[in-house]
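Asker: Next comes final-v9.cif, mmCIF, C-alpha atoms and all ligand atoms:
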data_my_file
loop_
_atom_site.label_atom_id
_atom_site.label_comp_id
_atom_site.auth_asym_id
_atom_site.auth_seq_id
_atom_site.Cartn_x
_atom_site.Cartn_y
_atom_site.Cartn_z
CA MET A 24 0.00 0.00 0.00
CA SER A 25 1.45 3.34 -0.99
CA ARG A 26 -0.29 5.49 1.63
CA VAL A 27 0.36 4.56 5.26
CA LEU A 28 -1.15 6.42 8.20
CA TYR A 29 0.47 5.88 11.60
CA GLY A 30 -1.67 6.45 14.69
CA SER A 31 -3.99 5.07 17.33
CA LEU A 32 -7.68 4.24 17.06
CA ALA A 33 -8.48 6.71 19.86
CA SER A 34 -6.56 9.82 18.80
CA PRO A 35 -8.76 12.72 17.65
CA PHE A 36 -5.90 14.05 15.50
CA VAL A 37 -5.49 10.72 13.71
CA ARG A 38 -9.23 10.33 13.22
CA ARG A 39 -9.37 13.66 11.36
CA ILE A 40 -7.15 12.21 8.71
CA ARG A 41 -9.03 8.91 8.64
CA LEU A 42 -12.23 10.86 7.97
CA LEU A 43 -10.54 13.01 5.36
CA LEU A 44 -9.41 9.78 3.65
CA GLU A 45 -12.85 8.18 3.90
CA ASN A 46 -12.97 7.32 0.18
CA ILE A 47 -9.24 6.88 -0.39
CA ASP A 48 -7.14 3.70 -0.11
CA TYR A 49 -4.60 3.71 2.70
CA GLU A 50 -3.21 1.41 5.36
CA LEU A 51 -3.59 2.32 9.03
CA ARG A 52 -0.61 1.18 11.14
CA GLU A 53 -1.55 1.28 14.79
CA VAL A 54 0.79 2.98 17.23
CA ASP A 55 0.52 2.99 21.02
CA VAL A 56 2.88 5.64 22.39
CA LEU A 57 2.30 4.38 25.94
CA LYS A 58 3.83 0.96 25.15
CA PRO A 59 7.66 0.91 25.12
CA ASP A 60 8.04 -1.35 22.06
CA THR A 61 5.70 0.56 19.73
CA ARG A 62 6.97 3.88 21.13
CA ALA A 63 10.47 2.92 20.04
CA LEU A 64 9.23 1.95 16.58
CA PHE A 65 7.30 5.21 16.32
CA ALA A 66 10.37 7.22 17.40
CA ALA A 67 12.14 5.88 14.32
CA ILE A 68 9.35 7.31 12.16
CA THR A 69 8.99 10.79 13.66
CA PRO A 70 11.28 12.85 15.92
CA ILE A 71 8.28 14.65 17.46
CA ARG A 72 6.74 11.31 18.48
CA LYS A 73 3.23 12.58 17.87
CA MET A 74 0.54 10.99 15.79
CA PRO A 75 -0.66 11.17 13.07
CA VAL A 76 2.14 10.64 10.60
CA LEU A 77 1.31 9.98 6.95
CA ASP A 78 3.70 8.26 4.57
CA ASP A 79 2.43 9.12 1.10
CA HIS A 80 4.41 7.26 -1.55
CA GLY A 81 7.60 7.76 0.48
CA GLN A 82 6.88 11.38 1.47
CA ARG A 83 6.67 11.36 5.25
CA ILE A 84 4.44 14.05 6.74
CA PHE A 85 4.17 15.02 10.43
CA ASP A 86 1.21 16.74 12.12
CA SER A 87 -2.46 16.63 11.12
CA HIS A 88 -2.28 20.20 9.75
CA THR A 89 0.50 19.50 7.31
CA ILE A 90 -1.15 16.22 6.33
CA GLN A 91 -4.43 18.07 5.68
CA LEU A 92 -2.59 20.66 3.58
CA HIS A 93 -0.82 17.92 1.61
CA LEU A 94 -4.05 15.99 1.02
CA SER A 95 -5.97 19.07 -0.02
CA ARG A 96 -3.24 19.85 -2.57
CA THR A 97 -2.89 16.31 -3.90
CA LEU A 98 -6.57 15.32 -3.78
CA GLY A 99 -7.90 18.72 -4.86
CA LEU A 100 -9.98 19.33 -1.74
CA PRO A 101 -11.47 22.83 -1.39
CA ASP A 102 -9.29 25.54 0.20
CA LEU A 103 -10.23 26.60 3.72
CA SER A 104 -11.08 30.19 4.63
CA ILE A 105 -9.34 32.15 7.39
CA ASP A 106 -12.52 31.79 9.47
CA GLN A 107 -12.28 28.02 9.06
CA TYR A 108 -8.60 28.00 10.05
CA ASN A 109 -9.60 29.97 13.15
CA GLN A 110 -12.25 27.34 13.96
CA ILE A 111 -9.63 24.60 13.65
CA SER A 112 -7.22 26.56 15.88
CA VAL A 113 -9.87 26.82 18.59
CA ILE A 114 -10.75 23.11 18.30
CA ASP A 115 -7.01 22.31 18.50
CA ALA A 116 -6.68 24.47 21.61
CA VAL A 117 -9.40 22.47 23.36
CA CYS A 118 -7.85 19.15 22.24
CA ASP A 119 -4.36 20.21 23.35
CA SER A 120 -5.54 21.48 26.74
CA LEU A 121 -7.53 18.31 27.35
CA VAL A 122 -4.44 16.25 26.47
CA VAL A 123 -2.40 18.26 29.02
CA LEU A 124 -5.04 17.63 31.71
CA LEU A 125 -5.31 13.94 30.77
CA MET A 126 -1.53 13.46 30.85
CA GLY A 127 -1.41 15.36 34.16
CA LYS A 128 -4.00 13.03 35.62
CA ARG A 129 -2.16 9.97 34.31
CA SER A 130 0.98 11.36 35.94
CA ASP A 131 -0.86 11.66 39.28
CA LEU A 132 -0.71 15.47 39.23
CA PRO A 133 -3.42 17.53 40.97
CA VAL A 134 -5.16 18.74 37.79
CA GLN A 135 -8.27 19.94 39.65
CA GLU A 136 -6.29 22.22 41.95
CA ASP A 137 -5.72 25.93 41.41
CA ARG A 138 -2.23 25.56 39.84
CA LEU A 139 -1.28 27.92 37.03
CA MET A 140 -0.56 25.20 34.48
CA PHE A 141 -3.93 23.53 34.97
CA THR A 142 -5.94 26.71 35.49
CA LEU A 143 -4.70 28.01 32.14
CA GLN A 144 -5.96 24.86 30.41
CA ARG A 145 -9.37 24.95 32.11
CA GLU A 146 -9.88 28.65 31.27
CA ARG A 147 -8.88 28.05 27.65
CA ILE A 148 -11.26 25.09 27.37
CA THR A 149 -14.19 27.08 28.81
CA ASP A 150 -13.70 30.13 26.59
CA SER A 151 -12.98 28.06 23.49
CA LEU A 152 -16.09 25.90 23.90
CA ALA A 153 -18.25 29.02 24.38
CA TRP A 154 -16.74 30.47 21.17
CA LEU A 155 -17.31 27.24 19.27
CA GLU A 156 -20.92 27.07 20.49
CA GLU A 157 -21.55 30.59 19.17
CA THR A 158 -19.82 29.71 15.92
CA ALA A 159 -21.89 26.55 15.54
CA ARG A 160 -25.04 28.67 15.91
CA THR A 161 -24.02 30.59 12.76
CA GLY A 162 -24.09 27.31 10.81
CA ALA A 163 -20.31 27.03 10.47
CA PHE A 164 -20.39 23.25 11.09
CA ASP A 165 -23.54 22.44 9.14
CA ASP A 166 -21.68 20.97 6.16
CA TRP A 167 -19.21 18.10 5.86
CA HIS A 168 -15.79 19.77 5.62
CA TYR A 169 -12.52 19.73 7.57
CA PRO A 170 -13.56 22.03 10.47
CA THR A 171 -16.68 19.88 10.99
CA ILE A 172 -14.50 16.75 10.90
CA CYS A 173 -12.21 18.28 13.55
CA LEU A 174 -15.19 19.16 15.73
CA ILE A 175 -16.63 15.64 15.48
CA CYS A 176 -13.25 14.16 16.45
CA LEU A 177 -12.91 16.46 19.47
CA TYR A 178 -16.49 15.82 20.60
CA ASP A 179 -16.40 12.01 20.36
CA TRP A 180 -12.92 11.72 21.88
CA ALA A 181 -13.68 14.05 24.84
CA ARG A 182 -16.79 12.00 25.60
CA PHE A 183 -14.95 8.71 25.10
CA ARG A 184 -12.31 9.79 27.64
CA GLN A 185 -15.02 11.28 29.91
CA LEU A 186 -13.28 14.65 29.84
CA LEU A 187 -16.20 16.85 28.79
CA ASP A 188 -19.95 16.94 29.00
CA PHE A 189 -21.54 18.77 26.04
CA ASN A 190 -25.02 19.13 27.59
CA THR A 191 -24.61 22.89 27.86
CA TYR A 192 -23.50 23.17 24.22
CA PRO A 193 -26.64 22.31 22.22
CA ALA A 194 -25.42 23.80 18.94
CA LEU A 195 -22.23 21.71 19.08
CA GLN A 196 -24.27 18.61 19.90
CA ALA A 197 -26.58 19.27 16.97
CA ALA A 198 -23.67 19.87 14.60
CA VAL A 199 -22.06 16.55 15.53
CA ASN A 200 -25.31 14.58 15.60
CA ARG A 201 -26.05 15.66 12.03
CA PHE A 202 -23.26 13.34 10.85
CA ALA A 203 -23.58 10.59 13.48
CA GLU A 204 -24.88 8.03 10.96
CA ARG A 205 -22.29 8.73 8.28
CA PRO A 206 -20.55 5.37 7.65
CA SER A 207 -17.00 6.75 8.07
CA VAL A 208 -17.98 8.46 11.34
CA VAL A 209 -19.50 5.23 12.66
CA ALA A 210 -16.51 3.15 11.49
CA THR A 211 -13.91 5.39 13.16
CA GLN A 212 -15.47 5.86 16.60
CA PRO A 213 -12.66 6.00 19.23
CA VAL A 214 -11.85 2.68 20.90
N1 LIG A 301 -0.48 19.20 16.56
C1 LIG A 301 -0.48 17.77 16.46
C2 LIG A 301 -1.00 17.15 17.74
C3 LIG A 301 -0.96 15.65 17.70
C4 LIG A 301 -1.05 15.02 19.09
O1 LIG A 301 -1.01 15.70 20.12
N2 LIG A 301 -1.17 13.69 19.10
C5 LIG A 301 -1.18 12.97 20.36
C6 LIG A 301 -2.20 11.85 20.32
S1 LIG A 301 -3.83 12.47 20.41
C7 LIG A 301 0.18 12.32 20.55
O2 LIG A 301 0.73 11.76 19.63
N3 LIG A 301 0.71 12.38 21.77
C8 LIG A 301 1.94 11.76 22.10
C9 LIG A 301 2.82 12.62 22.96
O3 LIG A 301 2.43 13.76 23.26
O4 LIG A 301 3.89 12.14 23.31
C10 LIG A 301 -1.33 17.37 15.24
O5 LIG A 301 -2.26 18.13 14.89
O6 LIG A 301 -1.07 16.34 14.62
#
Is it possible to express this structure as structure tokens?
Ligand SMILES: N[C@@H](CCC(=O)N[C@@H](CS)C(=O)NCC(=O)O)C(=O)O
Answerer:
Amino acid sequence: MSRVLYGSLASPFVRRIRLLLENIDYELREVDVLKPDTRALFAAITPIRKMPVLDDHGQRIFDSHTIQLHLSRTLGLPDLSIDQYNQISVIDAVCDSLVVLLMGKRSDLPVQEDRLMFTLQRERITDSLAWLEETARTGAFDDWHYPTICLICLYDWARFRQLLDFNTYPALQAAVNRFAERPSVVATQPV
């Protein structure tokens, strides 16, 4: 197979690319960065040790953003607007802050306490979700495109890891539920 995607079945960043490639042939090679043997293998593939990594006919590409850019160029996907890049930046901010809190918890750190590092993440998550909710109300995530894909991946992963409750974000819930039956969305649910 000439296109190989490295990543886990749970990662929201990897799932973005899996959804972007929903009608394209590729091989998914599973990586578990928490297991020493696969972590060592993954380290040989990328110095930043973060997933996803795409190997496209020998061209190795790090980071979901660069992969998205590469795929949009090579597959002729529509360009994104600055507003859409902003939406992705805000979704990324929530994902990244949740990852920091999750890793803190897994490292037995007091993530619920009033410590600068954790307070900054919680504040960012709160403000970003409020911004995304407002943005969803304008219809920004009504269509199937990359920002909607990123939102779906954040939403399902945060619920899968029991990190967020979206009950107070009805517009985000509605945006995600609109695509809940899409075969690629069903097939790539985090496990
Ligand atoms: N900015 C990166 C973020 C990727 C990322 O944080 N991936 C996580 C998995 S969800 C990871 O590989 N973490 C491993 C680590 O931090 O060591 C992207 O968009 O691809």
Asker: What are the closest atom pairs, with distances in Å to one decimal, for all residues of chain A lying within 6 Å of ligand LIG 301 (chain A)? Consider only C-alpha atoms and all ligand atoms, order rows by chain and residue number, and present the result as a Markdown table.
Answerer:
| residue | atom | partner | partner_atom | distance |
| --- | --- | --- | --- | --- |
| A:Ser34 | CA | A:LIG301 | S1 | 4.1 |
| A:Pro35 | CA | A:LIG301 | S1 | 5.7 |
| A:Phe36 | CA | A:LIG301 | O6 | 5.4 |
| A:Arg72 | CA | A:LIG301 | O4 | 5.7 |
| A:Lys73 | CA | A:LIG301 | O2 | 3.2 |
| A:Met74 | CA | A:LIG301 | O2 | 3.9 |
| A:Pro75 | CA | A:LIG301 | O6 | 5.4 |
| A:Asp86 | CA | A:LIG301 | O6 | 3.4 |
| A:Ser87 | CA | A:LIG301 | O6 | 3.8 |
| A:His88 | CA | A:LIG301 | O5 | 5.5 |
Asker: Any idea what's packed within 8 Å of Asp79 (chain A), counting only C-alpha atoms, ignoring anything in its chain fewer than 2 positions away? Could you give it as a list in words?
Answerer: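 What passes the distance filter is Ser25, Arg26, Val27, Leu77, Gly81, Gln82, Arg83 and Ile84 of chain A.
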Asker: Would you put the residues from that selection into a file with C-alpha atoms, as an mmCIF file, in the coordinates of the input?
Answerer:
data_model
loop_
_atom_site.group_PDB
_atom_site.id
_atom_site.type_symbol
_atom_site.label_atom_id
_atom_site.label_comp_id
_atom_site.auth_asym_id
_atom_site.auth_seq_id
_atom_site.Cartn_x
_atom_site.Cartn_y
_atom_site.Cartn_z
ATOM 1 C CA SER A 25 1.450 3.340 -0.990
ATOM 2 C CA ARG A 26 -0.290 5.490 1.630
ATOM 3 C CA VAL A 27 0.360 4.560 5.260
ATOM 4 C CA LEU A 77 1.310 9.980 6.950
ATOM 5 C CA GLY A 81 7.600 7.760 0.480
ATOM 6 C CA GLN A 82 6.880 11.380 1.470
ATOM 7 C CA ARG A 83 6.670 11.360 5.250
ATOM 8 C CA ILE A 84 4.440 14.050 6.740
#
Asker: Hey, what's within 10 Å of Arg41 (chain A) if we count all atoms listed in the file and toss same-chain stuff fewer than 2 positions away? As a list in words, please?
Answerer: Leu28, Gly30, Leu32, Pro35, Phe36, Val37, Arg38, Arg39, Leu43, Leu44, Glu45, Asn46, Ile47, Tyr49, Leu51, Pro75, Ile172, Ser207, Val208, Ala210 and Thr211 of chain A
Asker: Compile the contact shell of region 157-164 of chain A as a list in words: residues with an atom at most 9 Å away, counting only C-alpha atoms, same-chain residues fewer than 2 positions apart removed.
Answerer: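 The residues that qualify are Gln107, Gln110, Leu152, Ala153, Trp154, Leu155, Asp166, Trp167, His168, Pro170, Thr171, Ile172, Leu174, Ala194, Leu195, Ala197, Ala198 and Val199 of chain A.
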Asker: Box in all listed atoms of region 65-71 of chain A, axis-aligned, with 3 Å more on each side; write out centre and edge lengths in Å to one decimal as JSON.
Answerer:
{"center_x": 9.7, "center_y": 9.9, "center_z": 14.8, "size_x": 10.8, "size_y": 15.4, "size_z": 11.3}
Asker: Which one is closest to Gln212 (chain A): A:Leu121, A:Leu177, A:Leu186, A:Leu64? Count all atoms listed in the file.
Answerer: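 The closest residue to Gln212 (chain A) is A:Leu177.
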Asker: Would you compute the distance between CA of Pro101 (chain A) and CA of Asp165 (chain A)? Give it in Å to one decimal.
Answerer: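 That distance, rounded to one decimal, is 16.0 Å.
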